file my_file-v8.tsv (TSV, C-alpha atoms)
chain	number	residue	atom	x	y	z
O	1	MET	CA	-38.44	15.87	-21.72
O	2	VAL	CA	-37.45	14.14	-24.90
O	3	GLY	CA	-38.32	10.43	-25.11
O	4	GLY	CA	-35.72	7.81	-25.88
O	5	GLY	CA	-35.34	5.04	-28.38
O	6	THR	CA	-36.17	4.75	-32.06
O	7	GLU	CA	-39.43	4.17	-33.92
O	8	ALA	CA	-38.89	0.40	-33.86
O	9	PHE	CA	-37.73	0.35	-30.20
O	10	PRO	CA	-39.24	3.35	-28.39
O	11	ASP	CA	-38.13	2.26	-24.90
O	12	LEU	CA	-34.50	1.66	-25.87
O	13	GLY	CA	-31.94	4.23	-24.63
O	14	GLU	CA	-32.36	7.83	-23.45
O	15	HIS	CA	-31.25	11.26	-24.59
O	16	CYS	CA	-28.42	13.02	-22.76
O	17	GLN	CA	-29.86	15.76	-20.56
O	18	ASN	CA	-26.95	18.12	-21.14
O	19	PRO	CA	-28.55	21.11	-22.93
O	20	ASP	CA	-25.82	21.22	-25.59
O	21	CYS	CA	-25.78	17.49	-26.34
O	22	LYS	CA	-29.15	15.66	-26.43
O	23	LEU	CA	-27.40	12.58	-27.84
O	24	LEU	CA	-29.46	9.39	-27.94
O	25	ASP	CA	-27.42	6.99	-25.81
O	26	PHE	CA	-28.31	3.30	-25.61
O	27	LEU	CA	-26.22	2.85	-22.44
O	28	PRO	CA	-26.98	6.05	-20.49
O	29	PHE	CA	-25.55	7.00	-17.09
O	30	THR	CA	-27.65	8.37	-14.23
O	31	CYS	CA	-25.82	10.92	-12.07
O	32	ASP	CA	-26.02	9.94	-8.39
O	33	GLY	CA	-25.94	13.64	-7.42
O	34	CYS	CA	-28.57	15.36	-9.55
O	35	LYS	CA	-30.33	12.15	-10.76
O	36	LEU	CA	-30.26	13.28	-14.42
O	37	VAL	CA	-29.33	11.02	-17.36
O	38	PHE	CA	-26.15	11.66	-19.38
O	39	CYS	CA	-24.13	10.13	-22.19
O	40	LEU	CA	-20.59	8.80	-21.75
O	41	GLU	CA	-19.03	12.19	-22.51
O	42	HIS	CA	-21.09	14.09	-19.92
O	43	ARG	CA	-21.38	11.50	-17.15
O	44	SER	CA	-18.76	13.02	-14.78
O	45	TYR	CA	-19.74	15.72	-12.26
O	46	LYS	CA	-17.33	18.17	-13.83
O	47	SER	CA	-18.46	17.67	-17.43
O	48	HIS	CA	-22.12	18.51	-16.69
O	49	ASP	CA	-21.44	21.03	-13.86
O	50	CYS	CA	-23.37	19.00	-11.28
O	51	THR	CA	-24.67	21.16	-8.43
O	52	LYS	CA	-24.81	18.19	-6.04
O	53	SER	CA	-21.40	16.67	-6.82
O	54	ASP	CA	-20.36	16.55	-3.16
O	55	HIS	CA	-23.56	14.76	-2.17
O	56	GLY	CA	-22.60	11.67	-0.17
O	57	SER	CA	-18.85	12.30	-0.37
O	58	ARG	CA	-16.52	12.16	2.63
O	59	THR	CA	-13.48	14.28	3.44
O	60	VAL	CA	-10.58	13.38	5.70
O	61	SER	CA	-7.82	15.54	7.18
O	62	ILE	CA	-4.47	14.16	8.32
O	63	CYS	CA	-2.97	15.27	11.64
O	64	GLU	CA	0.57	16.50	10.97
O	65	THR	CA	1.72	15.52	14.47
O	66	CYS	CA	0.72	11.84	14.57
O	67	SER	CA	-0.45	11.06	10.98
O	68	VAL	CA	-3.94	10.00	12.11
O	69	ALA	CA	-6.82	10.48	9.66
O	70	ILE	CA	-9.76	12.49	11.05
O	71	GLU	CA	-13.07	12.60	9.19
O	72	THR	CA	-14.08	16.21	8.47
O	73	THR	CA	-17.15	15.70	6.28
O	74	GLY	CA	-19.45	18.71	6.30
O	75	PHE	CA	-17.01	21.12	7.99
O	76	ASP	CA	-15.66	24.33	6.50
O	77	GLU	CA	-12.00	25.45	6.71
O	78	GLU	CA	-12.36	26.90	10.22
O	79	GLY	CA	-14.25	23.85	11.48
O	80	ILE	CA	-11.49	21.56	10.21
O	81	LYS	CA	-8.83	23.63	11.97
O	82	SER	CA	-10.79	23.52	15.24
O	83	MET	CA	-11.23	19.73	14.94
O	84	LEU	CA	-7.48	19.26	14.41
O	85	GLU	CA	-6.70	21.51	17.39
O	86	LYS	CA	-9.17	19.57	19.53
O	87	HIS	CA	-7.50	16.30	18.45
O	88	GLU	CA	-4.03	17.65	19.35
O	89	ARG	CA	-5.27	18.68	22.82
O	90	SER	CA	-6.81	15.25	23.42
O	91	GLY	CA	-4.74	12.36	24.70
O	92	ASP	CA	-5.10	10.55	21.35
O	93	CYS	CA	-2.51	12.66	19.51
O	94	ASP	CA	0.81	10.90	20.03
O	95	PRO	CA	3.85	12.00	17.96
O	96	ARG	CA	5.46	8.58	18.48
O	97	LYS	CA	2.82	7.08	16.18
O	98	LYS	CA	4.37	8.97	13.27
O	99	LYS	CA	7.60	6.95	13.46
O	100	LYS	CA	7.98	4.73	10.44
O	101	PRO	CA	8.73	1.01	10.93
O	102	THR	CA	12.32	-0.11	10.34
O	103	CYS	CA	13.93	-3.48	9.74
O	104	PRO	CA	14.31	-5.32	13.08
O	105	VAL	CA	17.80	-6.65	12.26
O	106	LYS	CA	20.48	-5.16	14.52
O	107	ARG	CA	22.20	-2.11	12.96
O	108	CYS	CA	19.86	-2.11	9.93
O	109	LYS	CA	18.14	1.25	9.59
O	110	GLU	CA	16.11	0.48	6.44
O	111	ILE	CA	12.61	2.00	6.62
O	112	LEU	CA	9.96	-0.56	5.67
O	113	THR	CA	7.46	0.55	3.05
O	114	PHE	CA	4.80	-1.41	1.19
O	115	ALA	CA	7.23	-2.19	-1.64
O	116	ASN	CA	10.46	-3.07	0.17
O	117	ASN	CA	9.46	-5.53	2.88
O	118	LEU	CA	8.73	-9.22	3.08
O	119	THR	CA	7.34	-11.33	5.90
O	120	CYS	CA	9.48	-14.31	6.85
O	121	LYS	CA	7.56	-17.55	6.36
O	122	ASP	CA	9.25	-19.14	9.37
O	123	CYS	CA	8.97	-16.47	12.08
O	124	GLY	CA	6.28	-14.16	10.64
O	125	VAL	CA	8.30	-10.93	11.13
O	126	LYS	CA	8.65	-8.25	8.44
O	127	PHE	CA	12.18	-7.58	7.18
O	128	CYS	CA	13.80	-5.44	4.48
O	129	LEU	CA	14.78	-7.10	1.22
O	130	LYS	CA	18.42	-7.46	2.31
O	131	HIS	CA	17.43	-9.53	5.38
O	132	ARG	CA	14.44	-11.43	3.96
O	133	PHE	CA	15.98	-14.90	4.12
O	134	PRO	CA	16.11	-16.83	7.44
O	135	THR	CA	19.90	-17.03	7.15
O	136	ASP	CA	20.16	-13.23	6.97
O	137	HIS	CA	18.29	-12.54	10.21
O	138	VAL	CA	18.07	-14.25	13.60
O	139	CYS	CA	15.07	-16.36	12.73
O	140	ASN	CA	13.02	-17.70	15.63
O	141	LYS	CA	11.20	-20.43	13.77
O	142	LYS	CA	7.69	-21.38	14.77
O	143	ALA	CA	7.42	-24.77	16.41
O	144	VAL	CA	6.68	-27.16	13.59
O	145	ALA	CA	5.70	-30.75	14.29
O	146	ASN	CA	7.91	-32.20	11.54
O	147	SER	CA	10.21	-34.87	12.87
O	148	GLY	CA	11.37	-36.07	9.44
O	149	THR	CA	15.05	-36.54	8.68
O	150	SER	CA	14.94	-34.19	5.68
O	151	SER	CA	13.70	-31.28	7.79
O	152	ARG	CA	16.42	-31.91	10.42
O	153	TRP	CA	19.07	-31.96	7.69
O	154	ASN	CA	17.66	-28.71	6.28
O	155	GLU	CA	17.79	-27.06	9.71
O	156	LYS	CA	21.40	-28.14	10.23
O	157	PHE	CA	22.33	-26.86	6.78
O	158	MET	CA	20.68	-23.49	7.40
O	159	GLU	CA	22.39	-23.20	10.79
O	160	ALA	CA	25.80	-23.95	9.27
O	161	LEU	CA	25.14	-21.45	6.47
O	162	SER	CA	24.19	-18.71	8.92
O	163	LEU	CA	27.34	-19.40	10.99
O	164	ARG	CA	29.41	-19.16	7.82
O	165	ASN	CA	27.81	-15.82	6.96
O	166	GLU	CA	28.47	-14.46	10.46
O	167	LYS	CA	32.18	-15.34	10.28
O	168	GLY	CA	32.51	-13.74	6.85
O	169	CYS	CA	33.64	-16.94	5.14
O	170	GLY	CA	33.74	-16.76	1.39
O	171	ARG	CA	33.85	-12.99	1.27
O	172	LYS	CA	37.61	-12.52	1.26
O	173	THR	CA	39.51	-12.94	-1.94
O	174	SER	CA	41.96	-15.77	-1.52
O	175	VAL	CA	44.64	-17.46	-3.57
O	176	SER	CA	43.54	-20.62	-5.35
O	177	SER	CA	44.32	-23.68	-3.24
O	178	SER	CA	44.30	-26.17	-6.13
O	179	SER	CA	48.06	-26.22	-6.58
O	180	PRO	CA	50.77	-24.49	-4.62
O	181	SER	CA	52.56	-22.00	-6.76
O	182	VAL	CA	55.62	-19.93	-6.25
O	183	ARG	CA	55.43	-16.31	-7.13
O	184	SER	CA	58.33	-14.18	-8.02
O	185	PHE	CA	58.10	-10.43	-8.10
call {"tool": "encode", "arguments": {"input": "my_file-v8.tsv", "output": "structure tokens"}}
result
Amino acid sequence: MVGGGTEAFPDLGEHCQNPDCKLLDFLPFTCDGCKLVFCLEHRSYKSHDCTKSDHGSRTVSICETCSVAIETTGFDEEGIKSMLEKHERSGDCDPRKKKKPTCPVKRCKEILTFANNLTCKDCGVKFCLKHRFPTDHVCNKKAVANSGTSSRWNEKFMEALSLRNEKGCGRKTSVSSSSPSVRSF
């Protein structure tokens, strides 16, 4: 094995153990599979054809019926199939688990994903972006011990705003009421 470093600093760095490289690297990488030392270019399992690249790795298979992850580390293709079949026969495999969560607002069918949902700060329920504000959903506020006049005014305002939204006020186009005008066609 070739020693590392330079004449002035013999213990500094190591040579890459890839047979075609042998580069003196001052920040070498030790492969956690084969325990050999490599330079930046050859540090990945694939670049130095590591024989123990799957050492310590884990594999997971997903049940197509209920979307549950089942660890299948150390099993071959047939073993994985038998594990999935065993899972489906067990009482744990429930197709209802695969249903995706939707917005709880009545008649809203929006599927909630990680990017299109927000949790209401008042009631703690997840809603779609369209119904994220307390005025847009029936918000059951948590009991807060604020008896200040500003919070009561805010509650009354929010209640009036939600009633206005339910009646559809402000959504119809109307004629300006500033001055009565006579139209002739």
call {"tool": "residues_near_point", "arguments": {"input": "my_file-v8.tsv", "point": "(-24.9, 21.1, -19.2)", "cutoff": "9 Å", "atoms": "all atoms listed in the file", "output": "list in words"}}
result
Gln17, Asn18, Pro19, Asp20, Cys21, His42, Ser47, His48, Asp49 and Cys50 of chain O
call {"tool": "write_last_selection", "arguments": {"input": "my_file-v8.tsv", "atoms": "C-alpha atoms", "output": "short mmCIF file (atom, residue, chain, number, x, y, z; two decimals), in the coordinates of the input"}}
result
data_model
loop_
_atom_site.label_atom_id
_atom_site.label_comp_id
_atom_site.auth_asym_id
_atom_site.auth_seq_id
_atom_site.Cartn_x
_atom_site.Cartn_y
_atom_site.Cartn_z
CA GLN O 17 -29.86 15.76 -20.56
CA ASN O 18 -26.95 18.12 -21.14
CA PRO O 19 -28.55 21.11 -22.93
CA ASP O 20 -25.82 21.22 -25.59
CA CYS O 21 -25.78 17.49 -26.34
CA HIS O 42 -21.09 14.09 -19.92
CA SER O 47 -18.46 17.67 -17.43
CA HIS O 48 -22.12 18.51 -16.69
CA ASP O 49 -21.44 21.03 -13.86
CA CYS O 50 -23.37 19.00 -11.28
#
call {"tool": "residues_near_point", "arguments": {"input": "my_file-v8.tsv", "point": "(-19.9, 11.4, -13.1)", "cutoff": "9 Å", "atoms": "only C-alpha atoms", "output": "number ranges by chain"}}
result
O: 29-33, 38, 42-48, 50, 53
call {"tool": "axis_aligned_box", "arguments": {"input": "my_file-v8.tsv", "around": "range 49-64 of chain O", "padding_each_side": "4 Å", "output": "lines of an AutoDock Vina configuration file"}}
result
center_x = -12.1
center_y = 16.4
center_z = -1.1
size_x = 33.4
size_y = 17.5
size_z = 33.5
call {"tool": "closest_residue", "arguments": {"input": "my_file-v8.tsv", "among": "O:Leu36, O:Leu84, O:Cys123, O:Ala115", "to": "Ser61 in chain O", "atoms": "all atoms listed in the file"}}
result
O:Leu84
call {"tool": "residues_around", "arguments": {"input": "my_file-v8.tsv", "residues": "Glu64 in chain O", "least_positions_apart": "2", "cutoff": "12 Å", "atoms": "all atoms listed in the file", "output": "ChimeraX atom specification"}}
result
/O:61-62,66-70,81,84-85,87-88,93-98
call {"tool": "atom_distance", "arguments": {"input": "my_file-v8.tsv", "atom1": "CA of Cys128 in chain O", "atom2": "CA of Ser162 in chain O"}}
result
17.4 Å
call {"tool": "atom_distance", "arguments": {"input": "my_file-v8.tsv", "atom1": "CA of Leu163 in chain O", "atom2": "CA of Glu110 in chain O"}}
result
23.3 Å
call {"tool": "residues_around", "arguments": {"input": "my_file-v8.tsv", "residues": "Cys16 in chain O", "least_positions_apart": "3", "cutoff": "6 Å", "atoms": "only C-alpha atoms", "output": "ChimeraX atom specification"}}
result
/O:22-23,37-39
call {"tool": "residues_around", "arguments": {"input": "my_file-v8.tsv", "residues": "Leu24 in chain O", "least_positions_apart": "5", "cutoff": "7 Å", "atoms": "all atoms listed in the file", "output": "list in words"}}
result
Gly4, Gly13, Glu14, His15 and Cys16 of chain O
call {"tool": "closest_residue", "arguments": {"input": "my_file-v8.tsv", "among": "O:Arg132, O:Lys52, O:Lys35, O:Arg58", "to": "Val105 in chain O", "atoms": "only C-alpha atoms"}}
result
O:Arg132
call {"tool": "closest_residue", "arguments": {"input": "my_file-v8.tsv", "among": "O:Val60, O:Met83, O:Cys108, O:Leu161", "to": "His131 in chain O", "atoms": "all atoms listed in the file"}}
result
O:Cys108
call {"tool": "atom_distance", "arguments": {"input": "my_file-v8.tsv", "atom1": "CA of Glu41 in chain O", "atom2": "CA of Leu27 in chain O"}}
result
11.8 Å
call {"tool": "residues_around", "arguments": {"input": "my_file-v8.tsv", "residues": "Cys120 in chain O", "least_positions_apart": "6", "cutoff": "10 Å", "atoms": "only C-alpha atoms", "output": "list in words"}}
result
Lys126, Phe127, His131, Arg132, Phe133, Pro134, His137, Cys139 and Lys141 of chain O
